[in-house]
Amino acid sequence: MCTKYDPQREAEAAMKQAAASEGADRQRLIQLALAWHELARDRRNVQTD
């Protein structure tokens with residue numbers, strides 16, 4: 001899997017933004033962080049198989 005994004009780094013950045021946000025923006029950023037985290041987990045699983 002070749003990508004220019006680091007999903008773990010993107011997840012961390014989204015959580016930092018969520019912590020500094022409020023309301024609907026905060027919820028949206030948390031959902032985004034969770035999606036990035038899932039991609040990072042899937043990527044680690046593919047690399048270890």
# chains A, B, ... in the order shown; residues from 1 in each chain; ligands from 1

$ residues_around --residues "range 40-42 of chain A" --least-positions-apart "2" --cutoff "12 Å" --atoms "only C-alpha atoms" --output "list in words"
Met1, Thr3, Tyr5, Asp6, Pro7, Gln8, Arg9, Glu10, Ala11, Glu12, Ala33, Leu34, Ala35, Trp36, His37, Glu38, Arg44, Asn45, Val46, Gln47, Thr48 and Asp49 of chain A

$ write_last_selection --atoms "N, CA and C atoms" --output "tab-separated table (two decimals), in the first residue's frame"
chain	number	residue	atom	x	y	z
A	1	MET	N	0.84	-1.17	0.00
A	1	MET	CA	0.00	0.00	0.00
A	1	MET	C	0.89	1.24	0.00
A	3	THR	N	1.10	5.29	-0.08
A	3	THR	CA	0.33	6.50	0.13
A	3	THR	C	1.24	7.59	0.67
A	5	TYR	N	0.19	9.81	2.76
A	5	TYR	CA	-0.34	10.17	4.07
A	5	TYR	C	0.07	9.16	5.12
A	6	ASP	N	0.32	9.65	6.31
A	6	ASP	CA	0.58	8.79	7.46
A	6	ASP	C	-0.71	8.80	8.29
A	7	PRO	N	-1.52	7.74	8.23
A	7	PRO	CA	-2.81	7.75	8.91
A	7	PRO	C	-2.71	8.02	10.41
A	8	GLN	N	-1.68	7.50	11.06
A	8	GLN	CA	-1.54	7.72	12.49
A	8	GLN	C	-1.31	9.20	12.79
A	9	ARG	N	-0.45	9.82	12.00
A	9	ARG	CA	-0.17	11.26	12.19
A	9	ARG	C	-1.42	12.09	11.91
A	10	GLU	N	-2.18	11.71	10.88
A	10	GLU	CA	-3.42	12.42	10.56
A	10	GLU	C	-4.45	12.27	11.68
A	11	ALA	N	-4.54	11.07	12.27
A	11	ALA	CA	-5.46	10.84	13.38
A	11	ALA	C	-5.10	11.72	14.57
A	12	GLU	N	-3.82	11.79	14.88
A	12	GLU	CA	-3.37	12.62	16.01
A	12	GLU	C	-3.65	14.10	15.76
A	33	ALA	N	-10.90	11.67	13.04
A	33	ALA	CA	-9.76	11.04	13.72
A	33	ALA	C	-9.96	9.54	13.85
A	34	LEU	N	-11.17	9.13	14.17
A	34	LEU	CA	-11.46	7.69	14.27
A	34	LEU	C	-11.29	6.99	12.92
A	35	ALA	N	-11.70	7.65	11.85
A	35	ALA	CA	-11.52	7.06	10.52
A	35	ALA	C	-10.04	6.92	10.18
A	36	TRP	N	-9.25	7.95	10.47
A	36	TRP	CA	-7.81	7.87	10.22
A	36	TRP	C	-7.19	6.77	11.08
A	37	HIS	N	-7.63	6.66	12.32
A	37	HIS	CA	-7.09	5.64	13.21
A	37	HIS	C	-7.39	4.23	12.67
A	38	GLU	N	-8.60	4.06	12.15
A	38	GLU	CA	-8.95	2.76	11.57
A	38	GLU	C	-8.08	2.45	10.36
A	44	ARG	N	-1.37	-1.30	9.46
A	44	ARG	CA	-0.44	-2.11	10.27
A	44	ARG	C	-0.75	-3.58	10.09
A	45	ASN	N	-2.02	-3.95	10.03
A	45	ASN	CA	-2.41	-5.36	9.85
A	45	ASN	C	-1.93	-5.89	8.51
A	46	VAL	N	-2.02	-5.09	7.46
A	46	VAL	CA	-1.58	-5.51	6.14
A	46	VAL	C	-0.06	-5.70	6.13
A	47	GLN	N	0.67	-4.82	6.80
A	47	GLN	CA	2.13	-4.91	6.81
A	47	GLN	C	2.62	-6.11	7.61
A	48	THR	N	1.88	-6.55	8.63
A	48	THR	CA	2.32	-7.68	9.45
A	48	THR	C	1.91	-9.03	8.88
A	49	ASP	N	0.97	-9.03	7.93
A	49	ASP	CA	0.52	-10.31	7.33
A	49	ASP	C	1.47	-10.81	6.30

$ residues_around --residues "Ala18 in chain A" --least-positions-apart "5" --cutoff "9 Å" --atoms "only C-alpha atoms" --output "list in words"
Ala13, Asp25, Arg26, Gln27, Arg28, Leu29, Ile30 and Ala33 of chain A

$ select_by_dssp --residues "chain A" --states "helix (DSSP H, G or I)" --output "PDB file with C-alpha atoms, in the first residue's frame"
ATOM      1  CA  PRO A   7      -2.808   7.749   8.909  1.00  0.00           C
ATOM      2  CA  GLN A   8      -1.542   7.722  12.492  1.00  0.00           C
ATOM      3  CA  ARG A   9      -0.171  11.256  12.187  1.00  0.00           C
ATOM      4  CA  GLU A  10      -3.416  12.424  10.560  1.00  0.00           C
ATOM      5  CA  ALA A  11      -5.465  10.842  13.382  1.00  0.00           C
ATOM      6  CA  GLU A  12      -3.367  12.617  16.008  1.00  0.00           C
ATOM      7  CA  ALA A  13      -3.690  15.947  14.204  1.00  0.00           C
ATOM      8  CA  ALA A  14      -7.474  15.585  13.945  1.00  0.00           C
ATOM      9  CA  MET A  15      -7.745  14.797  17.672  1.00  0.00           C
ATOM     10  CA  LYS A  16      -5.681  17.878  18.539  1.00  0.00           C
ATOM     11  CA  GLN A  17      -7.992  19.987  16.394  1.00  0.00           C
ATOM     12  CA  ALA A  18     -11.035  18.353  18.008  1.00  0.00           C
ATOM     13  CA  ALA A  19      -9.729  19.179  21.475  1.00  0.00           C
ATOM     14  CA  GLY A  23     -19.950  21.617  19.071  1.00  0.00           C
ATOM     15  CA  ALA A  24     -20.518  20.091  15.656  1.00  0.00           C
ATOM     16  CA  ASP A  25     -16.947  20.821  14.527  1.00  0.00           C
ATOM     17  CA  ARG A  26     -15.605  18.869  17.472  1.00  0.00           C
ATOM     18  CA  GLN A  27     -17.812  15.866  16.716  1.00  0.00           C
ATOM     19  CA  ARG A  28     -16.889  15.948  13.017  1.00  0.00           C
ATOM     20  CA  LEU A  29     -13.162  16.064  13.846  1.00  0.00           C
ATOM     21  CA  ILE A  30     -13.492  13.184  16.314  1.00  0.00           C
ATOM     22  CA  GLN A  31     -15.190  11.090  13.618  1.00  0.00           C
ATOM     23  CA  LEU A  32     -12.424  12.040  11.192  1.00  0.00           C
ATOM     24  CA  ALA A  33      -9.762  11.044  13.724  1.00  0.00           C
ATOM     25  CA  LEU A  34     -11.460   7.694  14.268  1.00  0.00           C
ATOM     26  CA  ALA A  35     -11.523   7.063  10.515  1.00  0.00           C
ATOM     27  CA  TRP A  36      -7.807   7.870  10.223  1.00  0.00           C
ATOM     28  CA  HIS A  37      -7.091   5.638  13.212  1.00  0.00           C
ATOM     29  CA  GLU A  38      -8.953   2.760  11.575  1.00  0.00           C
ATOM     30  CA  LEU A  39      -6.932   3.240   8.390  1.00  0.00           C
ATOM     31  CA  ALA A  40      -3.712   3.208  10.414  1.00  0.00           C
ATOM     32  CA  ARG A  41      -4.774  -0.013  12.140  1.00  0.00           C
ATOM     33  CA  ASP A  42      -5.697  -1.640   8.823  1.00  0.00           C
ATOM     34  CA  ARG A  43      -2.373  -0.552   7.365  1.00  0.00           C
ATOM     35  CA  ARG A  44      -0.444  -2.109  10.269  1.00  0.00           C
ATOM     36  CA  ASN A  45      -2.405  -5.357   9.854  1.00  0.00           C
ATOM     37  CA  VAL A  46      -1.579  -5.506   6.137  1.00  0.00           C
ATOM     38  CA  GLN A  47       2.131  -4.910   6.810  1.00  0.00           C
ATOM     39  CA  THR A  48       2.316  -7.676   9.454  1.00  0.00           C
TER      40      THR A  48
END
